[in-house]
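Have a look at coords-v4.cif below; it lists mmCIF, C-alpha atoms.
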data_target
#
loop_
_atom_site.group_PDB
_atom_site.id
_atom_site.type_symbol
_atom_site.label_atom_id
_atom_site.label_comp_id
_atom_site.auth_asym_id
_atom_site.auth_seq_id
_atom_site.Cartn_x
_atom_site.Cartn_y
_atom_site.Cartn_z
ATOM 1 C CA MET A 1 5.108 -20.158 2.586
ATOM 2 C CA ASN A 2 2.246 -17.740 3.166
ATOM 3 C CA LEU A 3 2.791 -14.023 3.769
ATOM 4 C CA HIS A 4 2.543 -14.343 7.537
ATOM 5 C CA GLU A 5 5.345 -16.905 7.560
ATOM 6 C CA CYS A 6 7.350 -14.807 5.103
ATOM 7 C CA PHE A 7 6.987 -11.743 7.312
ATOM 8 C CA GLN A 8 8.153 -13.674 10.368
ATOM 9 C CA THR A 9 11.221 -15.193 8.696
ATOM 10 C CA SER A 10 12.371 -12.474 6.258
ATOM 11 C CA ASN A 11 14.168 -9.296 7.219
ATOM 12 C CA THR A 12 13.492 -7.641 3.857
ATOM 13 C CA ILE A 13 10.327 -7.758 1.752
ATOM 14 C CA MET A 14 9.743 -5.638 -1.331
ATOM 15 C CA ILE A 15 6.405 -4.171 -2.254
ATOM 16 C CA GLU A 16 5.546 -2.840 -5.694
ATOM 17 C CA GLY A 17 6.413 0.657 -6.892
ATOM 18 C CA ALA A 18 4.057 3.153 -8.501
ATOM 19 C CA LEU A 19 1.429 1.947 -10.949
ATOM 20 C CA GLY A 20 -1.265 4.547 -11.612
ATOM 21 C CA VAL A 21 0.980 7.556 -12.118
ATOM 22 C CA ARG A 22 3.233 5.546 -14.417
ATOM 23 C CA LEU A 23 0.269 4.404 -16.478
ATOM 24 C CA ARG A 24 -0.724 8.027 -17.018
ATOM 25 C CA GLY A 25 2.723 9.529 -17.482
ATOM 26 C CA GLU A 26 4.519 6.801 -19.445
ATOM 27 C CA TYR A 27 1.729 5.015 -21.287
ATOM 28 C CA GLY A 28 -1.038 7.588 -21.654
ATOM 29 C CA VAL A 29 -3.486 5.268 -19.893
ATOM 30 C CA TYR A 30 -6.023 7.103 -17.741
ATOM 31 C CA PRO A 31 -8.270 5.843 -14.930
ATOM 32 C CA ASP A 32 -12.033 5.708 -14.763
ATOM 33 C CA PRO A 33 -13.496 8.780 -12.995
ATOM 34 C CA ILE A 34 -15.301 6.590 -10.446
ATOM 35 C CA VAL A 35 -13.470 3.308 -9.802
ATOM 36 C CA ALA A 36 -10.109 4.686 -10.956
ATOM 37 C CA ASN A 37 -7.486 2.120 -12.029
ATOM 38 C CA ALA A 38 -9.659 -0.905 -11.248
ATOM 39 C CA SER A 39 -11.435 -0.480 -14.599
ATOM 40 C CA LEU A 40 -8.201 -0.812 -16.587
ATOM 41 C CA VAL A 41 -8.428 -4.595 -16.374
ATOM 42 C CA TYR A 42 -10.975 -4.338 -19.213
ATOM 43 C CA GLU A 43 -8.747 -2.356 -21.598
ATOM 44 C CA GLU A 44 -6.297 -4.306 -23.743
ATOM 45 C CA ARG A 45 -3.735 -1.502 -23.958
ATOM 46 C CA ALA A 46 -3.928 -0.901 -20.225
ATOM 47 C CA ILE A 47 -3.491 -4.604 -19.455
ATOM 48 C CA ALA A 48 -0.340 -4.698 -21.559
ATOM 49 C CA ALA A 49 1.026 -1.626 -19.769
ATOM 50 C CA MET A 50 0.219 -3.003 -16.311
ATOM 51 C CA LYS A 51 1.817 -6.326 -17.231
ATOM 52 C CA GLU A 52 5.010 -4.540 -18.241
ATOM 53 C CA ILE A 53 5.152 -2.548 -15.002
ATOM 54 C CA TYR A 54 4.393 -5.486 -12.710
ATOM 55 C CA GLU A 55 6.923 -7.616 -14.602
ATOM 56 C CA GLN A 56 9.584 -4.994 -13.979
ATOM 57 C CA TYR A 57 8.957 -5.053 -10.242
ATOM 58 C CA MET A 58 8.855 -8.847 -10.081
ATOM 59 C CA GLY A 59 12.043 -9.059 -12.116
ATOM 60 C CA ILE A 60 13.882 -6.714 -9.747
ATOM 61 C CA ALA A 61 12.782 -8.681 -6.695
ATOM 62 C CA ASP A 62 13.812 -11.940 -8.359
ATOM 63 C CA HIS A 63 17.222 -10.602 -9.349
ATOM 64 C CA TYR A 64 18.005 -9.563 -5.782
ATOM 65 C CA ASN A 65 16.267 -12.594 -4.264
ATOM 66 C CA PHE A 66 13.609 -10.717 -2.291
ATOM 67 C CA PRO A 67 9.976 -11.699 -1.734
ATOM 68 C CA ILE A 68 7.596 -9.201 -3.335
ATOM 69 C CA MET A 69 4.078 -8.045 -2.579
ATOM 70 C CA LEU A 70 1.867 -6.953 -5.475
ATOM 71 C CA MET A 71 -1.541 -5.299 -5.140
ATOM 72 C CA THR A 72 -4.690 -5.042 -7.205
ATOM 73 C CA PRO A 73 -5.323 -1.430 -8.328
ATOM 74 C CA THR A 74 -8.646 -1.383 -6.487
ATOM 75 C CA ARG A 75 -8.358 1.315 -3.804
ATOM 76 C CA ARG A 76 -11.387 3.118 -5.215
ATOM 77 C CA ALA A 77 -13.391 -0.009 -6.132
ATOM 78 C CA ASN A 78 -15.482 0.050 -2.975
ATOM 79 C CA ARG A 79 -19.195 -0.741 -2.865
ATOM 80 C CA TYR A 80 -20.319 2.876 -3.237
ATOM 81 C CA ASN A 81 -18.183 3.489 -6.316
ATOM 82 C CA VAL A 82 -18.789 0.130 -7.984
ATOM 83 C CA GLU A 83 -22.548 0.416 -7.633
ATOM 84 C CA ARG A 84 -22.662 3.874 -9.218
ATOM 85 C CA SER A 85 -20.285 2.906 -12.032
ATOM 86 C CA THR A 86 -20.908 0.874 -15.163
ATOM 87 C CA TYR A 87 -19.042 -2.066 -13.632
ATOM 88 C CA GLY A 88 -20.344 -4.870 -11.455
ATOM 89 C CA LYS A 89 -18.806 -6.549 -8.435
ATOM 90 C CA LYS A 90 -16.979 -8.953 -10.757
ATOM 91 C CA ILE A 91 -14.424 -6.164 -11.136
ATOM 92 C CA ILE A 92 -12.861 -7.440 -7.908
ATOM 93 C CA GLN A 93 -12.479 -10.981 -9.221
ATOM 94 C CA ASP A 94 -11.123 -9.782 -12.552
ATOM 95 C CA ASN A 95 -8.416 -7.657 -10.940
ATOM 96 C CA VAL A 96 -7.284 -10.492 -8.681
ATOM 97 C CA ASN A 97 -7.191 -12.912 -11.616
ATOM 98 C CA MET A 98 -5.074 -10.463 -13.625
ATOM 99 C CA LEU A 99 -2.335 -10.531 -10.985
ATOM 100 C CA LYS A 100 -2.586 -14.255 -10.426
ATOM 101 C CA ARG A 101 -2.086 -14.848 -14.150
ATOM 102 C CA LEU A 102 1.014 -12.663 -14.110
ATOM 103 C CA ARG A 103 2.696 -14.794 -11.467
ATOM 104 C CA GLU A 104 1.593 -18.171 -12.862
ATOM 105 C CA ASP A 105 4.719 -18.765 -14.913
ATOM 106 C CA LYS A 106 7.130 -17.554 -12.240
ATOM 107 C CA VAL A 107 9.438 -20.042 -10.574
ATOM 108 C CA ARG A 108 9.379 -18.200 -7.250
ATOM 109 C CA SER A 109 6.696 -18.977 -4.694
ATOM 110 C CA ASP A 110 7.178 -15.751 -2.721
ATOM 111 C CA ILE A 111 5.178 -13.446 -4.992
ATOM 112 C CA TYR A 112 2.123 -12.376 -3.020
ATOM 113 C CA VAL A 113 -1.108 -11.059 -4.539
ATOM 114 C CA GLY A 114 -2.767 -8.513 -2.280
ATOM 115 C CA ALA A 115 -6.119 -6.756 -2.201
ATOM 116 C CA LEU A 116 -5.746 -2.976 -2.073
ATOM 117 C CA MET A 117 -8.541 -1.180 -0.230
ATOM 118 C CA GLY A 118 -8.926 2.464 0.773
ATOM 119 C CA CYS A 119 -11.048 4.910 2.709
ATOM 120 C CA LYS A 120 -14.396 5.992 1.310
ATOM 121 C CA GLY A 121 -13.554 9.697 1.102
ATOM 122 C CA ASP A 122 -10.490 11.776 0.228
ATOM 123 C CA ALA A 123 -7.427 10.259 1.909
ATOM 124 C CA TYR A 124 -5.433 13.476 1.539
ATOM 125 C CA GLN A 125 -8.055 15.605 3.286
ATOM 126 C CA ALA A 126 -9.609 13.050 5.666
ATOM 127 C CA ALA A 127 -12.986 13.970 4.175
ATOM 128 C CA GLU A 128 -16.170 11.910 4.686
ATOM 129 C CA VAL A 129 -14.543 9.851 7.431
ATOM 130 C CA LEU A 130 -16.678 6.901 8.483
ATOM 131 C CA SER A 131 -17.350 5.889 12.079
ATOM 132 C CA GLU A 132 -16.109 2.487 13.237
ATOM 133 C CA LYS A 133 -19.548 0.924 12.736
ATOM 134 C CA GLU A 134 -20.087 2.583 9.345
ATOM 135 C CA ALA A 135 -16.610 1.562 8.186
ATOM 136 C CA TYR A 136 -17.116 -2.060 9.204
ATOM 137 C CA GLU A 137 -20.392 -2.288 7.297
ATOM 138 C CA PHE A 138 -19.065 -0.356 4.290
ATOM 139 C CA HIS A 139 -15.748 -2.181 3.823
ATOM 140 C CA SER A 140 -17.043 -5.687 4.578
ATOM 141 C CA TRP A 141 -18.586 -5.866 1.100
ATOM 142 C CA GLN A 142 -15.243 -5.449 -0.639
ATOM 143 C CA ALA A 143 -13.317 -7.545 1.872
ATOM 144 C CA GLU A 144 -15.677 -10.493 1.453
ATOM 145 C CA LEU A 145 -15.388 -10.356 -2.339
ATOM 146 C CA PHE A 146 -11.604 -10.400 -2.120
ATOM 147 C CA ALA A 147 -11.700 -13.253 0.378
ATOM 148 C CA LYS A 148 -13.682 -15.370 -2.093
ATOM 149 C CA GLU A 149 -10.819 -14.905 -4.567
ATOM 150 C CA GLN A 150 -8.315 -16.176 -1.986
ATOM 151 C CA VAL A 151 -5.952 -13.215 -2.039
ATOM 152 C CA ASP A 152 -2.764 -13.573 -0.028
ATOM 153 C CA TYR A 153 -3.275 -10.421 2.017
ATOM 154 C CA PHE A 154 -5.197 -7.168 2.387
ATOM 155 C CA TYR A 155 -3.591 -3.742 2.260
ATOM 156 C CA ALA A 156 -5.435 -0.705 3.601
ATOM 157 C CA GLY A 157 -3.664 2.098 1.741
ATOM 158 C CA ILE A 158 -3.131 5.756 2.730
ATOM 159 C CA MET A 159 -5.576 5.600 5.620
ATOM 160 C CA PRO A 160 -6.033 9.057 7.195
ATOM 161 C CA ALA A 161 -8.412 8.621 10.138
ATOM 162 C CA ILE A 162 -8.523 6.220 13.069
ATOM 163 C CA THR A 163 -12.265 5.494 13.249
ATOM 164 C CA GLU A 164 -12.431 4.272 9.663
ATOM 165 C CA ILE A 165 -9.170 2.370 10.112
ATOM 166 C CA ILE A 166 -10.610 0.395 13.024
ATOM 167 C CA GLY A 167 -13.825 -0.462 11.180
ATOM 168 C CA MET A 168 -11.928 -1.537 8.077
ATOM 169 C CA ALA A 169 -9.495 -3.578 10.178
ATOM 170 C CA ARG A 170 -12.401 -5.511 11.670
ATOM 171 C CA ALA A 171 -13.841 -6.151 8.206
ATOM 172 C CA MET A 172 -10.530 -7.443 6.873
ATOM 173 C CA GLY A 173 -9.802 -9.417 10.024
ATOM 174 C CA ASP A 174 -13.120 -11.250 9.758
ATOM 175 C CA THR A 175 -11.877 -12.939 6.576
ATOM 176 C CA GLY A 176 -9.001 -14.673 8.366
ATOM 177 C CA ILE A 177 -6.577 -13.351 5.739
ATOM 178 C CA PRO A 178 -3.474 -11.391 6.878
ATOM 179 C CA TYR A 179 -3.857 -7.647 6.518
ATOM 180 C CA ILE A 180 -1.678 -4.559 6.690
ATOM 181 C CA ILE A 181 -2.690 -1.047 7.737
ATOM 182 C CA SER A 182 -0.794 1.704 5.930
ATOM 183 C CA PHE A 183 -1.268 5.205 7.319
ATOM 184 C CA MET A 184 -1.370 8.580 5.602
ATOM 185 C CA VAL A 185 1.135 10.418 7.797
ATOM 186 C CA ARG A 186 2.388 13.974 8.062
ATOM 187 C CA ASN A 187 5.990 14.775 8.975
ATOM 188 C CA ASN A 188 4.722 15.893 12.401
ATOM 189 C CA GLY A 189 4.186 12.231 13.282
ATOM 190 C CA ARG A 190 0.416 12.272 13.035
ATOM 191 C CA LEU A 191 -2.211 10.909 10.689
ATOM 192 C CA ILE A 192 -4.291 13.432 8.756
ATOM 193 C CA ASP A 193 -6.921 13.403 11.526
ATOM 194 C CA GLY A 194 -4.283 14.331 14.132
ATOM 195 C CA THR A 195 -3.810 10.880 15.711
ATOM 196 C CA THR A 196 -0.180 10.024 16.467
ATOM 197 C CA ILE A 197 1.286 6.878 14.919
ATOM 198 C CA HIS A 198 1.622 5.390 18.406
ATOM 199 C CA ASP A 199 -1.971 6.157 19.358
ATOM 200 C CA ALA A 200 -3.278 4.847 16.034
ATOM 201 C CA ILE A 201 -1.494 1.519 16.465
ATOM 202 C CA GLN A 202 -2.588 1.275 20.086
ATOM 203 C CA ALA A 203 -6.218 2.021 19.170
ATOM 204 C CA VAL A 204 -6.293 -0.707 16.531
ATOM 205 C CA GLU A 205 -4.546 -3.252 18.735
ATOM 206 C CA GLU A 206 -7.061 -2.632 21.521
ATOM 207 C CA SER A 207 -10.133 -2.591 19.267
ATOM 208 C CA VAL A 208 -9.868 -5.593 16.956
ATOM 209 C CA GLY A 209 -9.912 -9.316 17.574
ATOM 210 C CA ILE A 210 -7.626 -10.330 14.719
ATOM 211 C CA LYS A 211 -4.748 -7.862 14.641
ATOM 212 C CA PRO A 212 -2.905 -6.581 11.547
ATOM 213 C CA LEU A 213 0.198 -8.345 10.324
ATOM 214 C CA THR A 214 1.975 -5.003 10.607
ATOM 215 C CA TYR A 215 1.618 -1.259 10.112
ATOM 216 C CA MET A 216 3.358 1.038 7.656
ATOM 217 C CA ALA A 217 2.966 4.302 5.742
ATOM 218 C CA ASN A 218 2.631 5.057 2.068
ATOM 219 C CA CYS A 219 2.606 8.137 -0.145
ATOM 220 C CA ILE A 220 5.249 9.734 2.077
ATOM 221 C CA HIS A 221 8.865 10.639 1.373
ATOM 222 C CA PRO A 222 11.513 8.928 3.563
ATOM 223 C CA ILE A 223 12.630 12.316 4.894
ATOM 224 C CA ASN A 224 9.118 13.024 6.139
ATOM 225 C CA LEU A 225 8.647 9.572 7.655
ATOM 226 C CA ASN A 226 12.002 9.911 9.385
ATOM 227 C CA LYS A 227 10.772 13.115 11.016
ATOM 228 C CA ALA A 228 7.454 11.498 11.900
ATOM 229 C CA LEU A 229 9.004 8.496 13.615
ATOM 230 C CA ALA A 230 11.518 10.712 15.423
ATOM 231 C CA MET A 231 8.749 12.554 17.287
ATOM 232 C CA GLU A 232 8.982 11.807 21.003
ATOM 233 C CA PHE A 233 5.409 10.510 21.194
ATOM 234 C CA ASN A 234 6.242 7.917 18.515
ATOM 235 C CA GLN A 235 9.476 6.811 20.163
ATOM 236 C CA THR A 236 7.770 3.865 21.848
ATOM 237 C CA GLU A 237 8.186 0.121 21.993
ATOM 238 C CA LEU A 238 4.797 -0.284 20.331
ATOM 239 C CA VAL A 239 5.870 1.700 17.271
ATOM 240 C CA ARG A 240 9.300 0.069 17.120
ATOM 241 C CA THR A 241 7.833 -3.432 17.109
ATOM 242 C CA HIS A 242 4.680 -2.899 15.036
ATOM 243 C CA PHE A 243 5.554 -0.256 12.416
ATOM 244 C CA THR A 244 7.738 -1.909 9.809
ATOM 245 C CA GLY A 245 7.351 -0.484 6.309
ATOM 246 C CA ILE A 246 7.189 2.350 3.800
ATOM 247 C CA GLN A 247 5.845 2.659 0.300
ATOM 248 C CA ALA A 248 7.640 5.887 -0.513
ATOM 249 C CA ASN A 249 6.478 8.888 -2.481
ATOM 250 C CA ALA A 250 9.352 10.407 -4.424
ATOM 251 C CA SER A 251 8.310 13.927 -3.398
ATOM 252 C CA PRO A 252 8.779 15.485 0.063
ATOM 253 C CA LEU A 253 5.671 17.674 -0.333
ATOM 254 C CA SER A 254 2.896 17.651 2.272
ATOM 255 C CA PRO A 255 -0.317 15.660 1.657
ATOM 256 C CA GLU A 256 -2.173 18.852 0.687
ATOM 257 C CA GLU A 257 0.566 19.889 -1.729
ATOM 258 C CA LEU A 258 0.676 16.412 -3.264
ATOM 259 C CA ASP A 259 -3.103 16.348 -3.629
ATOM 260 C CA GLY A 260 -3.138 19.721 -5.361
ATOM 261 C CA SER A 261 -0.142 19.143 -7.615
ATOM 262 C CA CYS A 262 -0.824 18.981 -11.354
ATOM 263 C CA GLU A 263 2.419 17.167 -12.080
ATOM 264 C CA ILE A 264 4.188 14.131 -10.744
ATOM 265 C CA ILE A 265 7.273 15.160 -8.802
ATOM 266 C CA THR A 266 10.095 12.672 -8.619
ATOM 267 C CA SER A 267 13.587 12.527 -7.159
ATOM 268 C CA ASP A 268 16.907 10.861 -7.769
ATOM 269 C CA PRO A 269 16.699 7.063 -7.284
ATOM 270 C CA MET A 270 19.911 6.980 -5.249
ATOM 271 C CA GLU A 271 18.696 9.718 -2.920
ATOM 272 C CA LEU A 272 15.321 8.053 -2.360
ATOM 273 C CA ALA A 273 16.866 4.628 -1.824
ATOM 274 C CA GLN A 274 19.370 6.023 0.664
ATOM 275 C CA GLY A 275 16.533 7.591 2.623
ATOM 276 C CA MET A 276 14.798 4.236 2.908
ATOM 277 C CA VAL A 277 18.011 2.466 3.896
ATOM 278 C CA GLU A 278 18.392 5.017 6.700
ATOM 279 C CA LEU A 279 14.866 4.215 7.880
ATOM 280 C CA ARG A 280 15.815 0.576 8.030
ATOM 281 C CA SER A 281 18.938 1.350 10.004
ATOM 282 C CA ARG A 282 17.215 3.660 12.504
ATOM 283 C CA TYR A 283 13.838 1.994 12.924
ATOM 284 C CA GLY A 284 14.232 -1.576 11.732
ATOM 285 C CA LEU A 285 11.793 -1.357 8.841
ATOM 286 C CA LYS A 286 11.572 -4.448 6.641
ATOM 287 C CA ILE A 287 8.929 -3.730 3.942
ATOM 288 C CA PHE A 288 10.020 -1.327 1.200
ATOM 289 C CA GLY A 289 8.379 -0.121 -1.987
ATOM 290 C CA GLY A 290 7.413 2.905 -4.012
ATOM 291 C CA CYS A 291 4.403 5.148 -4.415
ATOM 292 C CA CYS A 292 3.806 8.210 -6.631
ATOM 293 C CA GLY A 293 6.844 9.404 -8.562
ATOM 294 C CA THR A 294 8.726 6.118 -8.385
ATOM 295 C CA ASN A 295 9.499 3.736 -11.230
ATOM 296 C CA GLN A 296 11.649 0.704 -12.013
ATOM 297 C CA PHE A 297 14.841 2.729 -11.583
ATOM 298 C CA HIS A 298 13.937 3.715 -8.019
ATOM 299 C CA MET A 299 13.017 0.125 -7.237
ATOM 300 C CA GLU A 300 16.215 -1.224 -8.768
ATOM 301 C CA GLU A 301 18.380 1.161 -6.744
ATOM 302 C CA LEU A 302 16.436 0.354 -3.597
ATOM 303 C CA ALA A 303 16.790 -3.390 -4.058
ATOM 304 C CA LYS A 304 20.485 -3.084 -4.823
ATOM 305 C CA ARG A 305 21.172 -1.155 -1.623
ATOM 306 C CA LEU A 306 18.991 -3.411 0.509
ATOM 307 C CA SER A 307 20.743 -6.500 -0.859
ATOM 308 C CA ILE A 308 24.074 -5.215 0.393
ATOM 309 C CA LEU A 309 22.652 -4.939 3.910
ATOM 310 C CA TRP A 310 20.710 -8.198 3.823
#
Go through the file and emit its structure as structure tokens.
Amino acid sequence: MNLHECFQTSNTIMIEGALGVRLRGEYGVYPDPIVANASLVYEERAIAAMKEIYEQYMGIADHYNFPIMLMTPTRRANRYNVERSTYGKKIIQDNVNMLKRLREDKVRSDIYVGALMGCKGDAYQAAEVLSEKEAYEFHSWQAELFAKEQVDYFYAGIMPAITEIIGMARAMGDTGIPYIISFMVRNNGRLIDGTTIHDAIQAVEESVGIKPLTYMANCIHPINLNKALAMEFNQTELVRTHFTGIQANASPLSPEELDGSCEIITSDPMELAQGMVELRSRYGLKIFGGCCGTNQFHMEELAKRLSILW
């Protein structure tokens, strides 16, 4: 089944854990200064490391019988960055093919290869935010390249500002491929630009023709997302029915503190997993994964606890 059908029929879907921070911390593999982790597809040692990490996540999902969503490490491989780098637009195709090769020999059919996209500027500061029109024109280039590679879904990661979110949503929607909007959220229940989760969802729903599959948040600790969703202005039917996932950061620091931190801060796998289970219980979330500071042990503990509830 495709991801849309999977989302409609499954009450639990896993999404990958951290990649980039693990490559740096565990394998000594560092990103390109312009296109970041997207360039690693051309380094033999990096490919081996990525294969090992992705295999861990797929193995955990398989063991606990959950569908899993993987993503190309291409958040910074937008048109502006690719054109000023030493890489060509084929970098998109090569990253998609890397993930497709990894799932080729798997028995399961519910491993989904997604296209990770991000804002043009700094997601943690909401810098260089594009208008709706600018965002549509800017992100269409990358979306169209991914569409040619027949990805299973798009994932707009750590999106901080509503105008760029709407423009990117239109660009992804034009492809006819399911897409997910994942917000960069503070514990006060607002995106970095001050928009509430409710208002952000409402703005997208009212502004695009083809609506997102769902909405979620990433690079946020479960404690902080719990506080965000508990805000009165987010206690709405729209949020309850449309916001369904978290890709959790293992640190409870604020976006500014995370952005300025020189070290990766992690937490106990059991504590992090319990926080996500509580989010499921309180808000009915169904998509769960890890962001910075997480590894295979966090994902294993998460899957184990979710399987008990499934």
query = On this structure, which residues satisfy the PyMOL selection byres ((chain A and resi 147) around 12), written as a list in words?
reply =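 The output of the PyMOL selection byres ((chain A and resi 147) around 12) on this file is Ile92, Gln93, Val96, Val113, Gly114, Ala115, Ser140, Trp141, Gln142, Ala143, Glu144, Leu145, Phe146, Lys148, Glu149, Gln150, Val151, Asp152, Tyr153, Phe154, Ala171, Met172, Gly173, Asp174, Thr175, Gly176, Ile177, Pro178 and Tyr179 of chain A.
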inquiry  = Can you measure CA of Ile13 (chain A) to CA of Arg282 (chain A) for me? One decimal in Å is fine.
reply    =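 Spanning CA of Ile13 (chain A) to CA of Arg282 (chain A) is a straight-line distance of 17.1 Å.
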Result set of the PyMOL selection byres ((chain A and resi 3) around 9) on the coordinates above, as a PDB file with C-alpha atoms, in the frame of the given file:
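Ended up saving to part_17.pdb:
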ATOM      1  CA  MET A   1       5.108 -20.158   2.586  1.00  0.00           C
ATOM      2  CA  ASN A   2       2.246 -17.740   3.166  1.00  0.00           C
ATOM      3  CA  HIS A   4       2.543 -14.343   7.537  1.00  0.00           C
ATOM      4  CA  GLU A   5       5.345 -16.905   7.560  1.00  0.00           C
ATOM      5  CA  CYS A   6       7.350 -14.807   5.103  1.00  0.00           C
ATOM      6  CA  PHE A   7       6.987 -11.743   7.312  1.00  0.00           C
ATOM      7  CA  GLN A   8       8.153 -13.674  10.368  1.00  0.00           C
ATOM      8  CA  MET A  69       4.078  -8.045  -2.579  1.00  0.00           C
ATOM      9  CA  ASP A 110       7.178 -15.751  -2.721  1.00  0.00           C
ATOM     10  CA  TYR A 112       2.123 -12.376  -3.020  1.00  0.00           C
ATOM     11  CA  ASP A 152      -2.764 -13.573  -0.028  1.00  0.00           C
ATOM     12  CA  TYR A 153      -3.275 -10.421   2.017  1.00  0.00           C
ATOM     13  CA  PRO A 178      -3.474 -11.391   6.878  1.00  0.00           C
TER      14      PRO A 178
END
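Among the candidate residues A:Tyr155, A:Ala228, A:Pro160, A:Gly118, the one lying nearest to Gly189 (chain A) is A:Ala228, with distances computed using all atoms listed in the file.
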From A:Ala127, A:Ile166, A:Leu225, A:Ile181, residue lying nearest Pro212 (chain A) [only C-alpha atoms] = A:Ile181
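Nearest to Asn65 (chain A) of all the residues A:Ser10, A:Ser39, A:Thr244, A:Asn95 is A:Ser10, based on all atoms listed in the file.
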message = Evaluated on this file, the PyMOL selection byres ((chain A and resi 108) around 12) picks out some residues - which ones are they, written as a ChimeraX atom specification?
response = /A:1,58-59,61-63,65-68,103-107,109-112
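Computed from the coordinates, the CA of Leu19 (chain A) to CA of Val277 (chain A) distance equals 22.3 Å.
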task = Find the distance between CA of Gln274 (chain A) and CA of Lys227 (chain A) and write it in Å to one decimal.
result =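 According to the coordinates, CA of Gln274 (chain A) and CA of Lys227 (chain A) are separated by 15.2 Å.
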Which polymer residues have any atom within 9 Å of an atom of Ile197 (chain A), counting all atoms listed in the file, with same-chain residues fewer than 3 positions away left out, as a JSON list (two decimals) with C-alpha atoms, in the frame of the given file?
[["chain", "number", "residue", "atom", "x", "y", "z"],
["A", 183, "PHE", "CA", -1.27, 5.20, 7.32],
["A", 185, "VAL", "CA", 1.14, 10.42, 7.80],
["A", 189, "GLY", "CA", 4.19, 12.23, 13.28],
["A", 190, "ARG", "CA", 0.42, 12.27, 13.04],
["A", 191, "LEU", "CA", -2.21, 10.91, 10.69],
["A", 200, "ALA", "CA", -3.28, 4.85, 16.03],
["A", 201, "ILE", "CA", -1.49, 1.52, 16.46],
["A", 202, "GLN", "CA", -2.59, 1.27, 20.09],
["A", 228, "ALA", "CA", 7.45, 11.50, 11.90],
["A", 229, "LEU", "CA", 9.00, 8.50, 13.62],
["A", 233, "PHE", "CA", 5.41, 10.51, 21.19],
["A", 234, "ASN", "CA", 6.24, 7.92, 18.52],
["A", 239, "VAL", "CA", 5.87, 1.70, 17.27],
["A", 243, "PHE", "CA", 5.55, -0.26, 12.42]]
Find the spatial neighbours of Phe138 (chain A), counting only C-alpha atoms, within a cut-off of 9 Å - ignore same-chain residues fewer than 2 positions away - and output them as a short mmCIF file (atom, residue, chain, number, x, y, z; two decimals) with C-alpha atoms, keeping the file's coordinate frame.
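Saved result, out-v2.cif, follows:
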data_model
loop_
_atom_site.label_atom_id
_atom_site.label_comp_id
_atom_site.auth_asym_id
_atom_site.auth_seq_id
_atom_site.Cartn_x
_atom_site.Cartn_y
_atom_site.Cartn_z
CA ASN A 78 -15.48 0.05 -2.98
CA ARG A 79 -19.20 -0.74 -2.86
CA TYR A 80 -20.32 2.88 -3.24
CA LYS A 120 -14.40 5.99 1.31
CA LEU A 130 -16.68 6.90 8.48
CA LYS A 133 -19.55 0.92 12.74
CA GLU A 134 -20.09 2.58 9.35
CA ALA A 135 -16.61 1.56 8.19
CA TYR A 136 -17.12 -2.06 9.20
CA SER A 140 -17.04 -5.69 4.58
CA TRP A 141 -18.59 -5.87 1.10
CA GLN A 142 -15.24 -5.45 -0.64
CA GLY A 167 -13.82 -0.46 11.18
CA MET A 168 -11.93 -1.54 8.08
CA ALA A 171 -13.84 -6.15 8.21
#
query = Could you pull the residues within 6 Å of Lys286 (chain A), counting only C-alpha atoms, minus those fewer than 3 positions along the same chain, as a PyMOL selection string?
reply = chain A and resi 11-12+244-245
Take region 24-33 of chain A, bring it up to N, CA and C atoms, and give me the output as a compact mmCIF listing (two decimals), keeping the file's coordinate frame.
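Output below, filename rebuild-v5.txt:
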# COMPACT_ATOMS: atom_id res chain seq x y z
N ARG A 24 -0.35 6.75 -16.42
CA ARG A 24 -0.72 8.03 -17.02
C ARG A 24 0.47 8.70 -17.69
N GLY A 25 1.58 8.78 -16.97
CA GLY A 25 2.72 9.53 -17.48
C GLY A 25 3.52 8.85 -18.57
N GLU A 26 3.68 7.52 -18.49
CA GLU A 26 4.52 6.80 -19.44
C GLU A 26 3.74 6.15 -20.57
N TYR A 27 2.48 5.80 -20.30
CA TYR A 27 1.73 5.01 -21.29
C TYR A 27 0.48 5.73 -21.80
N GLY A 28 0.16 6.87 -21.22
CA GLY A 28 -1.04 7.59 -21.65
C GLY A 28 -2.31 6.82 -21.36
N VAL A 29 -2.31 6.05 -20.30
CA VAL A 29 -3.49 5.27 -19.89
C VAL A 29 -4.10 5.96 -18.69
N TYR A 30 -5.38 6.31 -18.78
CA TYR A 30 -6.02 7.10 -17.74
C TYR A 30 -7.12 6.32 -17.03
N PRO A 31 -7.32 6.60 -15.74
CA PRO A 31 -8.27 5.84 -14.93
C PRO A 31 -9.72 6.25 -15.17
N ASP A 32 -10.60 5.41 -14.74
CA ASP A 32 -12.03 5.71 -14.76
C ASP A 32 -12.32 6.79 -13.71
N PRO A 33 -13.23 7.72 -13.97
CA PRO A 33 -13.50 8.78 -13.00
C PRO A 33 -14.12 8.30 -11.69
